[in-house]
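The structure appears below as structure tokens.
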Amino acid sequence: MDKENRLELRTRVKFLLDQVPPPSDVSIVRSLMKIGYKRATIYRAIKRVREGQDLMDKPRAGRPRTISKKIRGKIIRFTKNRVGHGLRPTGRKFGVSHTFVRHCLSENSILYRKRKKTPLYTEKQLREIPTRARRLYRYDLLPDRIIIMDDEKYFTFSDTNSPENSGIWTDNFNKAPDNVKYKPKSKFPKKVLVWVAISERGISDPYIIRSSSVSINQQNYLNECIRKRLLKFIKEKHDDVPHIFWPDLASSHYAKSVVEMMDQKGVKYVPKKNNPPNCPQARPIENFWSILSGKVYAGGWEARSVNQLIRRIFFSLRTLQLSLIKSLMSNTRAKVRCLFESGPLTEKIIN
């Protein structure tokens, strides 16, 4: 507690003790705790007032400050809510040590926070997202409907970007094995593409493309993803309940042949005009991929062949529990509501 707050507390305590008759210590403590003061701090203030000590603190022992308030204010204004101002460069700019800069900032409750990653939005997207999200929330993602969404992701032979696999424990880094000490990176890594659809009732059969040069296009999305897997997933697990299919805005997902086929088969899907662009933070399937990647590459696992990687992906998919998928999908409507109430950059959906 700083000097001003201590003085304010002691003034409050003195005012209460000067009343006739004075309230009990317990009632004083209870009333001041409701304001936010700590119990022990209040009792110390009561003792100080009763002993007749000054309400103001006396000058405390210690080395006097040599840096003026003006310099401190400049340091705070120079660093607060700004990017690229480290402790050492700031110290050199104002002629002080980096430890003093850190102490000055922490003294004013200014802490270092890591910047959060978010999609890069255009002005047009920022205008469209709230409007489309409102339509999506009101007309498509109704409370009685089960949401089905799909997406695709590339899996490489190894994943050194996850926090679990980014470092090693060693007593001598130079003597560590080369395959542990270094994380090799290929310019064109071998990878497979995995497509899957999820809902709170489970996971569809995955579609896996072995070739690194082939991606999801209109043809394979229509035949392999929709006809062979999505329709089967809907028929087996969603025929008895209202449901809605929510794809992203990839060009293949709203191709003419795909839309015509879904209309023909009676698949209820989110219209393109109601689908907000570039909002992965509102789609739980993005978190699903992170969880699946953690299981595939757990313990620093690396694949030696495409077949081994595919077997590992199938095994990891089977180990995912239905309760986990339900928890991921449970707050989808709440996230979409945040999109049109607070915008795509709100803290409620960026995590």
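Ligands are numbered from 1 in the order shown, residues from 1 within each chain, and chains are lettered A, B, ... in the order they appear in the structure tokens.
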Residue neighbourhood Arg127 in chain A, 12 Å, only C-alpha atoms, exclusion window fewer than 5 positions, as JSON, numbers by chain: {"A": [121, 122, 132, 133, 276, 277, 339, 340, 343, 344]}
Might you pull out every residue within 12 Å of Pro184 in chain A, with only C-alpha atoms counted and same-chain residues fewer than 4 positions away left off, and present them as a PyMOL selection string? chain A and resi 157-161+166+178-180+188-189+302
How would you write, as a VMD selection string, the set of residues in range 188-235 of chain A that DSSP gives as strand (DSSP E)? chain A and resid 191 to 199 202 to 203 207 to 209
For the residues in that selection, give me all heavy atoms as a CSV table (one decimal), in the first residue's frame.
chain,number,residue,atom,x,y,z
A,191,LYS,N,4.8,-33.8,-45.7
A,191,LYS,CA,3.6,-33.6,-44.9
A,191,LYS,C,2.4,-34.3,-45.5
A,191,LYS,O,2.4,-34.7,-46.6
A,191,LYS,CB,3.4,-32.1,-44.7
A,191,LYS,CG,3.2,-31.3,-46.0
A,191,LYS,CD,3.2,-29.8,-45.8
A,191,LYS,CE,3.2,-29.1,-47.1
A,191,LYS,NZ,3.2,-27.6,-46.9
A,192,VAL,N,1.4,-34.4,-44.7
A,192,VAL,CA,0.1,-34.9,-45.1
A,192,VAL,C,-1.0,-33.9,-44.7
A,192,VAL,O,-0.8,-33.2,-43.7
A,192,VAL,CB,-0.2,-36.3,-44.5
A,192,VAL,CG1,0.8,-37.3,-44.9
A,192,VAL,CG2,-0.3,-36.2,-43.0
A,193,LEU,N,-2.0,-33.9,-45.5
A,193,LEU,CA,-3.1,-33.0,-45.2
A,193,LEU,C,-4.3,-33.8,-44.7
A,193,LEU,O,-4.7,-34.8,-45.2
A,193,LEU,CB,-3.6,-32.3,-46.5
A,193,LEU,CG,-4.7,-31.3,-46.4
A,193,LEU,CD1,-4.3,-30.1,-45.5
A,193,LEU,CD2,-5.2,-30.8,-47.8
A,194,VAL,N,-4.8,-33.4,-43.5
A,194,VAL,CA,-5.9,-34.1,-42.9
A,194,VAL,C,-7.1,-33.2,-42.8
A,194,VAL,O,-7.1,-32.0,-42.4
A,194,VAL,CB,-5.5,-34.4,-41.4
A,194,VAL,CG1,-6.7,-35.2,-40.7
A,194,VAL,CG2,-4.3,-35.3,-41.4
A,195,TRP,N,-8.3,-33.7,-43.3
A,195,TRP,CA,-9.6,-33.1,-43.2
A,195,TRP,C,-10.4,-33.8,-42.2
A,195,TRP,O,-10.4,-35.1,-42.2
A,195,TRP,CB,-10.3,-33.0,-44.6
A,195,TRP,CG,-11.7,-32.5,-44.5
A,195,TRP,CD1,-12.1,-31.2,-44.7
A,195,TRP,CD2,-12.9,-33.3,-44.2
A,195,TRP,NE1,-13.5,-31.1,-44.5
A,195,TRP,CE2,-14.0,-32.4,-44.3
A,195,TRP,CE3,-13.1,-34.6,-43.9
A,195,TRP,CZ2,-15.3,-32.8,-44.0
A,195,TRP,CZ3,-14.4,-35.0,-43.7
A,195,TRP,CH2,-15.5,-34.1,-43.7
A,196,VAL,N,-11.2,-33.1,-41.4
A,196,VAL,CA,-12.1,-33.8,-40.5
A,196,VAL,C,-13.3,-32.8,-40.2
A,196,VAL,O,-13.1,-31.6,-40.3
A,196,VAL,CB,-11.4,-34.2,-39.2
A,196,VAL,CG1,-11.1,-33.0,-38.3
A,196,VAL,CG2,-12.1,-35.3,-38.5
A,197,ALA,N,-14.4,-33.4,-39.8
A,197,ALA,CA,-15.6,-32.6,-39.4
A,197,ALA,C,-15.9,-33.1,-37.9
A,197,ALA,O,-15.7,-34.2,-37.6
A,197,ALA,CB,-16.8,-32.9,-40.2
A,198,ILE,N,-16.3,-32.1,-37.1
A,198,ILE,CA,-16.5,-32.4,-35.7
A,198,ILE,C,-17.9,-31.8,-35.3
A,198,ILE,O,-18.3,-30.8,-35.9
A,198,ILE,CB,-15.4,-31.9,-34.7
A,198,ILE,CG1,-15.3,-30.4,-34.7
A,198,ILE,CG2,-14.1,-32.5,-35.1
A,198,ILE,CD1,-14.4,-29.8,-33.7
A,199,SER,N,-18.5,-32.3,-34.2
A,199,SER,CA,-19.6,-31.7,-33.6
A,199,SER,C,-19.6,-32.2,-32.1
A,199,SER,O,-18.7,-33.0,-31.8
A,199,SER,CB,-20.9,-32.1,-34.3
A,199,SER,OG,-21.3,-33.4,-33.9
A,202,GLY,N,-19.3,-36.1,-31.8
A,202,GLY,CA,-18.1,-36.9,-32.2
A,202,GLY,C,-17.3,-36.3,-33.4
A,202,GLY,O,-17.4,-35.1,-33.7
A,203,ILE,N,-16.6,-37.2,-34.0
A,203,ILE,CA,-15.6,-36.8,-35.1
A,203,ILE,C,-16.0,-37.7,-36.3
A,203,ILE,O,-16.2,-38.9,-36.2
A,203,ILE,CB,-14.2,-37.0,-34.6
A,203,ILE,CG1,-13.9,-36.3,-33.3
A,203,ILE,CG2,-13.2,-36.6,-35.7
A,203,ILE,CD1,-12.5,-36.7,-32.7
A,207,TYR,N,-10.2,-37.5,-43.8
A,207,TYR,CA,-9.7,-37.6,-45.1
A,207,TYR,C,-8.3,-37.2,-45.2
A,207,TYR,O,-8.0,-36.0,-44.8
A,207,TYR,CB,-10.6,-36.8,-46.1
A,207,TYR,CG,-10.1,-36.7,-47.5
A,207,TYR,CD1,-9.7,-37.9,-48.2
A,207,TYR,CD2,-9.9,-35.5,-48.1
A,207,TYR,CE1,-9.2,-37.8,-49.5
A,207,TYR,CE2,-9.4,-35.4,-49.4
A,207,TYR,CZ,-9.1,-36.5,-50.1
A,207,TYR,OH,-8.6,-36.5,-51.4
A,208,ILE,N,-7.4,-38.1,-45.6
A,208,ILE,CA,-6.0,-37.7,-45.5
A,208,ILE,C,-5.4,-37.8,-47.0
A,208,ILE,O,-5.6,-38.8,-47.7
A,208,ILE,CB,-5.2,-38.7,-44.6
A,208,ILE,CG1,-5.8,-38.6,-43.2
A,208,ILE,CG2,-3.7,-38.5,-44.7
A,208,ILE,CD1,-5.1,-39.6,-42.2
A,209,ILE,N,-4.7,-36.7,-47.3
A,209,ILE,CA,-4.0,-36.6,-48.6
A,209,ILE,C,-2.5,-36.8,-48.3
A,209,ILE,O,-1.9,-36.1,-47.6
A,209,ILE,CB,-4.3,-35.3,-49.3
A,209,ILE,CG1,-5.8,-35.1,-49.5
A,209,ILE,CG2,-3.5,-35.2,-50.6
A,209,ILE,CD1,-6.1,-33.7,-50.1
Going by DSSP on the backbone, which bits of range 25-201 of chain A are alpha helix (DSSP H)? Write them as a short mmCIF file (atom, residue, chain, number, x, y, z; two decimals) with N, CA and C atoms, in the first residue's frame, please.
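File result_1.cif, as written:
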data_model
loop_
_atom_site.label_atom_id
_atom_site.label_comp_id
_atom_site.auth_asym_id
_atom_site.auth_seq_id
_atom_site.Cartn_x
_atom_site.Cartn_y
_atom_site.Cartn_z
N ASP A 25 -13.89 -2.58 17.66
CA ASP A 25 -12.85 -2.86 16.66
C ASP A 25 -13.36 -3.80 15.58
N VAL A 26 -14.19 -4.77 15.98
CA VAL A 26 -14.69 -5.75 15.02
C VAL A 26 -15.56 -5.08 13.96
N SER A 27 -16.43 -4.17 14.40
CA SER A 27 -17.30 -3.48 13.43
C SER A 27 -16.49 -2.57 12.52
N ILE A 28 -15.44 -1.93 13.06
CA ILE A 28 -14.56 -1.10 12.23
C ILE A 28 -13.88 -1.94 11.16
N VAL A 29 -13.36 -3.09 11.59
CA VAL A 29 -12.65 -3.96 10.65
C VAL A 29 -13.58 -4.47 9.57
N ARG A 30 -14.78 -4.88 9.96
CA ARG A 30 -15.73 -5.40 8.97
C ARG A 30 -16.13 -4.35 7.95
N SER A 31 -16.38 -3.12 8.42
CA SER A 31 -16.81 -2.07 7.50
C SER A 31 -15.69 -1.69 6.53
N LEU A 32 -14.44 -1.64 7.02
CA LEU A 32 -13.34 -1.25 6.15
C LEU A 32 -12.90 -2.39 5.22
N MET A 33 -13.12 -3.64 5.64
CA MET A 33 -12.79 -4.77 4.76
C MET A 33 -13.70 -4.79 3.54
N LYS A 34 -14.93 -4.29 3.70
CA LYS A 34 -15.84 -4.23 2.55
C LYS A 34 -15.33 -3.27 1.49
N ILE A 35 -14.58 -2.26 1.91
CA ILE A 35 -14.01 -1.29 0.96
C ILE A 35 -12.85 -1.90 0.19
N ARG A 39 -7.40 -7.17 6.66
CA ARG A 39 -7.69 -7.21 8.09
C ARG A 39 -6.50 -6.77 8.93
N ALA A 40 -5.31 -7.35 8.65
CA ALA A 40 -4.12 -7.02 9.45
C ALA A 40 -3.75 -5.55 9.31
N THR A 41 -3.92 -4.98 8.11
CA THR A 41 -3.60 -3.57 7.89
C THR A 41 -4.52 -2.67 8.70
N ILE A 42 -5.79 -3.04 8.80
CA ILE A 42 -6.75 -2.23 9.58
C ILE A 42 -6.39 -2.27 11.06
N TYR A 43 -6.06 -3.44 11.58
CA TYR A 43 -5.69 -3.54 13.00
C TYR A 43 -4.44 -2.74 13.32
N ARG A 44 -3.48 -2.72 12.39
CA ARG A 44 -2.27 -1.90 12.62
C ARG A 44 -2.63 -0.41 12.65
N ALA A 45 -3.55 0.00 11.79
CA ALA A 45 -3.98 1.40 11.78
C ALA A 45 -4.70 1.76 13.08
N ILE A 46 -5.55 0.85 13.59
CA ILE A 46 -6.24 1.09 14.87
C ILE A 46 -5.24 1.25 16.00
N LYS A 47 -4.25 0.37 16.03
CA LYS A 47 -3.23 0.44 17.08
C LYS A 47 -2.45 1.74 16.99
N ARG A 48 -2.12 2.17 15.80
CA ARG A 48 -1.34 3.41 15.61
C ARG A 48 -2.13 4.61 16.09
N VAL A 49 -3.44 4.66 15.76
CA VAL A 49 -4.26 5.80 16.17
C VAL A 49 -4.42 5.83 17.68
N ARG A 50 -4.64 4.69 18.30
CA ARG A 50 -4.82 4.64 19.76
C ARG A 50 -3.54 5.01 20.52
N LYS A 69 11.51 12.84 -10.47
CA LYS A 69 10.19 12.39 -10.89
C LYS A 69 9.96 12.66 -12.38
N LYS A 70 10.61 13.69 -12.89
CA LYS A 70 10.46 14.03 -14.30
C LYS A 70 10.99 12.90 -15.19
N ILE A 71 12.17 12.37 -14.83
CA ILE A 71 12.76 11.28 -15.60
C ILE A 71 11.89 10.03 -15.48
N ARG A 72 11.39 9.77 -14.26
CA ARG A 72 10.52 8.61 -14.06
C ARG A 72 9.27 8.71 -14.93
N GLY A 73 8.68 9.90 -14.97
CA GLY A 73 7.49 10.08 -15.81
C GLY A 73 7.79 9.88 -17.28
N LYS A 74 8.97 10.35 -17.73
CA LYS A 74 9.35 10.15 -19.13
C LYS A 74 9.53 8.67 -19.45
N ILE A 75 10.12 7.91 -18.52
CA ILE A 75 10.31 6.48 -18.74
C ILE A 75 8.96 5.78 -18.86
N ILE A 76 8.02 6.15 -18.01
CA ILE A 76 6.69 5.53 -18.04
C ILE A 76 5.98 5.86 -19.35
N ARG A 77 6.02 7.12 -19.76
CA ARG A 77 5.35 7.51 -21.01
C ARG A 77 6.02 6.89 -22.22
N PHE A 78 7.34 6.66 -22.13
CA PHE A 78 8.09 6.11 -23.25
C PHE A 78 7.79 4.63 -23.46
N THR A 79 7.48 3.90 -22.38
CA THR A 79 7.32 2.45 -22.48
C THR A 79 5.87 1.98 -22.41
N LEU A 87 14.17 -3.01 -21.82
CA LEU A 87 14.73 -2.38 -20.61
C LEU A 87 16.08 -1.73 -20.90
N ARG A 88 16.96 -2.45 -21.56
CA ARG A 88 18.31 -1.91 -21.79
C ARG A 88 18.32 -0.71 -22.74
N PRO A 89 17.61 -0.78 -23.91
CA PRO A 89 17.56 0.42 -24.76
C PRO A 89 16.93 1.61 -24.05
N THR A 90 15.91 1.37 -23.25
CA THR A 90 15.28 2.47 -22.51
C THR A 90 16.24 3.07 -21.49
N GLY A 91 16.99 2.19 -20.81
CA GLY A 91 17.97 2.68 -19.85
C GLY A 91 19.05 3.53 -20.50
N ARG A 92 19.53 3.08 -21.68
CA ARG A 92 20.56 3.86 -22.38
C ARG A 92 20.01 5.20 -22.84
N LYS A 93 18.73 5.23 -23.23
CA LYS A 93 18.15 6.48 -23.72
C LYS A 93 18.08 7.53 -22.62
N PHE A 94 17.76 7.10 -21.39
CA PHE A 94 17.58 8.05 -20.29
C PHE A 94 18.76 8.08 -19.33
N HIS A 98 19.23 -0.66 -16.56
CA HIS A 98 18.01 -1.39 -16.94
C HIS A 98 17.27 -1.90 -15.71
N THR A 99 18.00 -2.16 -14.61
CA THR A 99 17.33 -2.58 -13.37
C THR A 99 16.48 -1.46 -12.80
N PHE A 100 16.96 -0.22 -12.94
CA PHE A 100 16.15 0.91 -12.47
C PHE A 100 14.89 1.06 -13.32
N VAL A 101 15.02 0.85 -14.62
CA VAL A 101 13.84 0.94 -15.49
C VAL A 101 12.81 -0.11 -15.08
N ARG A 102 13.27 -1.34 -14.83
CA ARG A 102 12.34 -2.40 -14.42
C ARG A 102 11.68 -2.05 -13.08
N HIS A 103 12.45 -1.52 -12.14
CA HIS A 103 11.91 -1.14 -10.84
C HIS A 103 10.91 0.00 -10.97
N CYS A 104 11.23 0.96 -11.83
CA CYS A 104 10.34 2.11 -12.03
C CYS A 104 9.01 1.66 -12.63
N LEU A 105 9.06 0.73 -13.58
CA LEU A 105 7.83 0.27 -14.21
C LEU A 105 7.00 -0.59 -13.26
N SER A 106 7.65 -1.50 -12.53
CA SER A 106 6.91 -2.36 -11.62
C SER A 106 6.31 -1.56 -10.47
N GLU A 107 6.97 -0.47 -10.10
CA GLU A 107 6.47 0.41 -9.05
C GLU A 107 5.14 1.04 -9.45
N GLU A 123 -9.91 -3.40 -43.46
CA GLU A 123 -11.01 -2.53 -43.03
C GLU A 123 -12.36 -3.10 -43.45
N LYS A 124 -12.39 -3.72 -44.62
CA LYS A 124 -13.64 -4.31 -45.10
C LYS A 124 -14.07 -5.47 -44.21
N GLN A 125 -13.13 -6.30 -43.80
CA GLN A 125 -13.47 -7.42 -42.93
C GLN A 125 -13.96 -6.95 -41.57
N LEU A 126 -13.34 -5.91 -41.02
CA LEU A 126 -13.77 -5.40 -39.72
C LEU A 126 -15.18 -4.82 -39.78
N ARG A 127 -15.58 -4.34 -40.95
CA ARG A 127 -16.95 -3.85 -41.10
C ARG A 127 -17.93 -5.00 -41.27
N GLU A 128 -17.50 -6.04 -42.00
CA GLU A 128 -18.42 -7.13 -42.31
C GLU A 128 -18.62 -8.11 -41.15
N ILE A 129 -17.59 -8.30 -40.34
CA ILE A 129 -17.66 -9.35 -39.31
C ILE A 129 -18.82 -9.16 -38.34
N PRO A 130 -19.03 -7.98 -37.72
CA PRO A 130 -20.17 -7.85 -36.79
C PRO A 130 -21.52 -8.11 -37.45
N THR A 131 -21.70 -7.62 -38.69
CA THR A 131 -22.98 -7.81 -39.38
C THR A 131 -23.23 -9.29 -39.68
N ARG A 132 -22.23 -9.95 -40.24
CA ARG A 132 -22.40 -11.37 -40.58
C ARG A 132 -22.54 -12.22 -39.31
N ALA A 133 -21.76 -11.90 -38.27
CA ALA A 133 -21.84 -12.68 -37.03
C ALA A 133 -23.22 -12.55 -36.38
N ARG A 134 -23.81 -11.35 -36.47
CA ARG A 134 -25.16 -11.17 -35.91
C ARG A 134 -26.18 -12.03 -36.66
N ARG A 135 -26.08 -12.06 -37.99
CA ARG A 135 -26.99 -12.90 -38.77
C ARG A 135 -26.75 -14.37 -38.49
N ASP A 178 23.40 -34.96 -31.34
CA ASP A 178 23.04 -34.00 -32.38
C ASP A 178 21.55 -34.03 -32.70
N ASN A 179 20.94 -35.23 -32.67
CA ASN A 179 19.52 -35.32 -33.01
C ASN A 179 18.64 -34.71 -31.92
N VAL A 180 19.22 -34.49 -30.72
CA VAL A 180 18.49 -33.84 -29.62
C VAL A 180 18.81 -32.36 -29.57
N LYS A 181 20.08 -32.04 -29.80
CA LYS A 181 20.54 -30.66 -29.67
C LYS A 181 20.01 -29.76 -30.78
#
Nearest to Pro271 in chain A: which of A:Leu324, A:Leu16, A:Leu141, A:Ile313 is it, counting only C-alpha atoms? A:Leu141
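Taking CA of Ser330 in chain A and CA of Ile147 in chain A as the two end points, the separation is 9.6 Å.
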For Pro119 in chain A, please output as a PyMOL selection string all residues within 9 Å (counting only C-alpha atoms; exclusion window: fewer than 3 positions along the same chain). chain A and resi 278-281
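Distances here use only C-alpha atoms; by that measure, the residue among A:Lys190, A:Arg227, A:Arg65, A:Lys295 closest to Thr156 in chain A is A:Lys190.
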